[in-house]
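Step one of this worksheet: look at the structure below.
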Amino acid sequence: MSEIIHTNAAPEAVGAYSQATTNGDLVFTAGQIPLTPEGELLEDAPIAEQTEQALDNLLAVLAEAGAEPEDVLKTTVFLGDIDDFEEMNEVYANYFDRAPPARSAVQAGALPKGVGVEIEAVASVE
Ligand SMILES: C=C(N)C(=O)O
């Protein structure tokens with residue numbers, strides 16, 4: 001059975017999508033961008049700060065679905081500029097310090113709202 005996940009601890013969707021959906025034990029999050037739950041966009045902040053906000057949002061959405069960081073199977077990190085990889089990675093490592101999930105990191109041509117990073121995840125909550 002599938003379910004739509006919503007929490008006020010993460011920003012509202014900026015388009016026609018849900019913060020996350022579930023199917024059985026699996027949780028699929030939308031890509032989280034550096035937008036605060038209050039609606040402040042951090043598109044000009046350093047990539048470290050943008051990454052923190054995106055990951056705070058991601059963990060808030062996962063928590064609403066009952067998932068902890070250890071439950072994450074795979075993430076995808078979209079960067080506006082691959083030169084930001086190291087700065088993003090340093091922050092990212094603090095969020096997934098135990099048994100980090102599989103990950104892909106790619107440079108996207110452009111990201112919504114002009115942000116520098118967007119991060120999505122798939123988790124299992126069995
Ligand atoms: C920010 C997004 N996740 C989107 O526009 O799909």
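Just remember, in the structure tokens the first chain shown is A, the second B, etc., residues are 1-based per chain, and ligands are 1-based in the order shown.
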Quiz prompt | segment 9-16 of chain A surroundings by only C-alpha atoms, 6 Å radius, close-in-sequence under 5 positions cut, as a PyMOL selection string | solution = chain A and resi 36-37+57+60
Exercise. From a DSSP pass on the backbone, collect the residues of chain A flagged as strand (DSSP E) and hand them back as a PyMOL selection string.
Key: chain A and resi 2-5+20-23+26-29+72-79+102-107+117-124
Kindly export the residues of the current selection with N, CA and C atoms, as a short mmCIF file (atom, residue, chain, number, x, y, z; two decimals), in the first residue's frame.
data_model
loop_
_atom_site.label_atom_id
_atom_site.label_comp_id
_atom_site.auth_asym_id
_atom_site.auth_seq_id
_atom_site.Cartn_x
_atom_site.Cartn_y
_atom_site.Cartn_z
N SER A 2 0.55 2.21 -0.83
CA SER A 2 1.38 3.42 -0.88
C SER A 2 0.73 4.53 -0.05
N GLU A 3 1.60 5.43 0.38
CA GLU A 3 1.17 6.51 1.28
C GLU A 3 1.95 7.77 0.93
N ILE A 4 1.33 8.91 1.13
CA ILE A 4 2.03 10.18 0.95
C ILE A 4 2.48 10.68 2.31
N ILE A 5 3.74 11.11 2.38
CA ILE A 5 4.31 11.60 3.63
C ILE A 5 4.35 13.12 3.59
N ALA A 20 7.50 12.99 0.23
CA ALA A 20 7.94 11.59 0.11
C ALA A 20 6.72 10.73 -0.13
N THR A 21 6.98 9.55 -0.66
CA THR A 21 5.94 8.54 -0.79
C THR A 21 6.51 7.23 -0.25
N THR A 22 5.60 6.36 0.16
CA THR A 22 6.05 5.04 0.61
C THR A 22 5.33 3.97 -0.20
N ASN A 23 5.97 2.83 -0.27
CA ASN A 23 5.32 1.64 -0.83
C ASN A 23 5.86 0.46 -0.05
N LEU A 26 9.36 0.59 1.70
CA LEU A 26 10.26 1.55 1.04
C LEU A 26 9.75 2.98 1.13
N VAL A 27 10.68 3.91 1.33
CA VAL A 27 10.38 5.34 1.36
C VAL A 27 11.17 6.01 0.24
N PHE A 28 10.48 6.80 -0.55
CA PHE A 28 11.11 7.53 -1.65
C PHE A 28 10.94 9.02 -1.37
N THR A 29 12.03 9.73 -1.15
CA THR A 29 11.87 11.16 -0.89
C THR A 29 11.98 11.95 -2.18
N VAL A 72 18.62 4.42 5.32
CA VAL A 72 18.72 4.91 3.94
C VAL A 72 19.56 3.94 3.12
N LEU A 73 19.00 3.52 1.99
CA LEU A 73 19.68 2.58 1.10
C LEU A 73 20.52 3.29 0.05
N LYS A 74 19.99 4.42 -0.44
CA LYS A 74 20.64 5.07 -1.59
C LYS A 74 20.27 6.55 -1.57
N THR A 75 21.22 7.38 -1.86
CA THR A 75 20.92 8.81 -2.07
C THR A 75 21.43 9.21 -3.45
N THR A 76 20.87 10.27 -3.93
CA THR A 76 21.40 10.92 -5.14
C THR A 76 21.61 12.40 -4.80
N VAL A 77 22.81 12.87 -5.07
CA VAL A 77 23.17 14.27 -4.82
C VAL A 77 23.32 14.95 -6.17
N PHE A 78 22.54 15.96 -6.39
CA PHE A 78 22.64 16.77 -7.61
C PHE A 78 23.33 18.07 -7.24
N LEU A 79 24.39 18.39 -7.93
CA LEU A 79 25.13 19.63 -7.68
C LEU A 79 24.99 20.55 -8.89
N ALA A 102 24.59 3.74 -0.28
CA ALA A 102 25.08 3.94 -1.65
C ALA A 102 24.71 5.37 -2.07
N ARG A 103 25.47 5.92 -2.99
CA ARG A 103 25.20 7.30 -3.40
C ARG A 103 25.67 7.52 -4.82
N SER A 104 24.94 8.35 -5.53
CA SER A 104 25.44 8.90 -6.79
C SER A 104 25.51 10.41 -6.61
N ALA A 105 26.55 11.02 -7.14
CA ALA A 105 26.67 12.47 -7.09
C ALA A 105 26.96 12.95 -8.51
N VAL A 106 26.13 13.84 -8.98
CA VAL A 106 26.28 14.30 -10.36
C VAL A 106 26.11 15.81 -10.44
N GLN A 107 26.69 16.37 -11.47
CA GLN A 107 26.43 17.79 -11.77
C GLN A 107 25.22 17.86 -12.67
N VAL A 117 22.49 22.67 -4.61
CA VAL A 117 22.47 21.24 -4.29
C VAL A 117 21.04 20.77 -4.06
N GLU A 118 20.76 19.54 -4.47
CA GLU A 118 19.48 18.89 -4.22
C GLU A 118 19.80 17.43 -3.90
N ILE A 119 19.16 16.89 -2.85
CA ILE A 119 19.49 15.52 -2.41
C ILE A 119 18.21 14.72 -2.20
N GLU A 120 18.16 13.54 -2.77
CA GLU A 120 17.00 12.65 -2.59
C GLU A 120 17.48 11.33 -2.02
N ALA A 121 16.56 10.54 -1.48
CA ALA A 121 16.94 9.26 -0.86
C ALA A 121 15.86 8.22 -1.04
N VAL A 122 16.29 6.97 -0.98
CA VAL A 122 15.40 5.82 -0.88
C VAL A 122 15.79 5.10 0.41
N ALA A 123 14.80 4.81 1.25
CA ALA A 123 15.07 4.15 2.52
C ALA A 123 14.14 2.96 2.68
N SER A 124 14.51 2.07 3.61
CA SER A 124 13.66 0.93 3.93
C SER A 124 13.39 0.97 5.43
#
Shell of 10 Å around segment 44-52 of chain A, only C-alpha atoms, local chain residues under 5 positions omitted, as a compact mmCIF listing (two decimals) with N, CA, C and O atoms, in the first residue's frame:
# COMPACT_ATOMS: atom_id res chain seq x y z
N GLN A 32 15.49 17.16 -1.93
CA GLN A 32 15.40 18.25 -0.95
C GLN A 32 16.42 19.32 -1.29
O GLN A 32 17.59 19.03 -1.54
N ILE A 33 15.94 20.57 -1.28
CA ILE A 33 16.80 21.69 -1.64
C ILE A 33 17.03 22.57 -0.41
O ILE A 33 16.34 22.41 0.60
N PRO A 34 17.99 23.50 -0.47
CA PRO A 34 18.26 24.35 0.69
C PRO A 34 17.20 25.44 0.86
O PRO A 34 17.44 26.63 0.66
N LEU A 35 16.04 24.99 1.25
CA LEU A 35 14.90 25.85 1.55
C LEU A 35 14.50 25.51 2.97
O LEU A 35 14.32 24.32 3.29
N THR A 36 14.39 26.50 3.83
CA THR A 36 14.03 26.20 5.23
C THR A 36 12.55 25.85 5.32
O THR A 36 11.76 26.21 4.43
N ASN A 57 16.40 18.81 5.88
CA ASN A 57 15.07 18.58 5.30
C ASN A 57 14.86 17.09 5.00
O ASN A 57 13.81 16.52 5.28
N LEU A 58 15.89 16.49 4.42
CA LEU A 58 15.80 15.08 4.05
C LEU A 58 15.54 14.21 5.28
O LEU A 58 14.65 13.34 5.28
N VAL A 77 22.81 12.87 -5.07
CA VAL A 77 23.17 14.27 -4.82
C VAL A 77 23.32 14.95 -6.17
O VAL A 77 24.16 14.54 -6.99
N LEU A 79 24.39 18.39 -7.93
CA LEU A 79 25.13 19.63 -7.68
C LEU A 79 24.99 20.55 -8.89
O LEU A 79 25.04 20.09 -10.04
N GLY A 80 24.87 21.83 -8.61
CA GLY A 80 24.88 22.79 -9.72
C GLY A 80 26.27 22.88 -10.34
O GLY A 80 26.40 23.20 -11.52
N ASP A 81 27.29 22.60 -9.52
CA ASP A 81 28.68 22.70 -9.99
C ASP A 81 29.48 21.59 -9.31
O ASP A 81 29.60 21.57 -8.08
N ASP A 84 31.90 21.80 -6.39
CA ASP A 84 31.45 21.88 -5.00
C ASP A 84 31.45 20.51 -4.32
O ASP A 84 31.04 20.38 -3.16
N PHE A 85 31.91 19.48 -5.05
CA PHE A 85 31.83 18.11 -4.53
C PHE A 85 32.49 17.96 -3.15
O PHE A 85 31.88 17.41 -2.23
N GLU A 86 33.71 18.43 -2.99
CA GLU A 86 34.44 18.21 -1.73
C GLU A 86 33.73 18.90 -0.56
O GLU A 86 33.60 18.32 0.52
N GLU A 87 33.30 20.12 -0.79
CA GLU A 87 32.63 20.87 0.28
C GLU A 87 31.32 20.19 0.67
O GLU A 87 31.00 20.07 1.86
N MET A 88 30.58 19.74 -0.33
CA MET A 88 29.33 19.01 -0.06
C MET A 88 29.65 17.74 0.71
O MET A 88 29.01 17.40 1.71
N ASN A 89 30.66 17.00 0.25
CA ASN A 89 30.97 15.69 0.80
C ASN A 89 31.38 15.75 2.27
O ASN A 89 31.03 14.87 3.06
N GLU A 90 32.09 16.81 2.66
CA GLU A 90 32.50 16.97 4.06
C GLU A 90 31.29 17.06 4.97
O GLU A 90 31.23 16.45 6.03
N VAL A 91 30.31 17.85 4.57
CA VAL A 91 29.09 18.00 5.38
C VAL A 91 28.30 16.70 5.35
O VAL A 91 27.83 16.21 6.38
N TYR A 92 28.14 16.16 4.17
CA TYR A 92 27.35 14.92 3.96
C TYR A 92 27.86 13.81 4.88
O TYR A 92 27.07 13.08 5.48
N ASN A 94 29.05 13.85 7.76
CA ASN A 94 28.60 13.98 9.15
C ASN A 94 27.20 13.43 9.36
O ASN A 94 26.82 13.08 10.48
N TYR A 95 26.42 13.39 8.32
CA TYR A 95 25.03 12.94 8.43
C TYR A 95 24.92 11.42 8.27
O TYR A 95 23.97 10.82 8.73
N GLY A 114 17.44 27.92 -8.56
CA GLY A 114 18.82 28.40 -8.63
C GLY A 114 19.70 27.92 -7.48
O GLY A 114 20.76 28.50 -7.22
N VAL A 115 19.29 26.84 -6.80
CA VAL A 115 20.10 26.35 -5.67
C VAL A 115 21.32 25.60 -6.17
O VAL A 115 21.42 25.25 -7.36
N GLY A 116 22.25 25.33 -5.23
CA GLY A 116 23.49 24.66 -5.61
C GLY A 116 23.47 23.16 -5.38
O GLY A 116 24.35 22.45 -5.88
N VAL A 117 22.49 22.67 -4.61
CA VAL A 117 22.47 21.24 -4.29
C VAL A 117 21.04 20.77 -4.06
O VAL A 117 20.20 21.52 -3.54
N GLU A 118 20.76 19.54 -4.47
CA GLU A 118 19.48 18.89 -4.22
C GLU A 118 19.80 17.43 -3.90
O GLU A 118 20.63 16.82 -4.59
N ILE A 119 19.16 16.89 -2.85
CA ILE A 119 19.49 15.52 -2.41
C ILE A 119 18.21 14.72 -2.20
O ILE A 119 17.29 15.19 -1.51
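Once Arg98 of chain A and its same-chain neighbours fewer than 5 positions away are set aside, Pro69, Glu70 and Ala93 of chain A remain within 10 Å of it when counting only C-alpha atoms.
The closest residue to ligand 1, picked from A:Ala30, A:Glu64, A:Gly109, A:Met1 and counting only C-alpha atoms and all ligand atoms, is A:Ala30.
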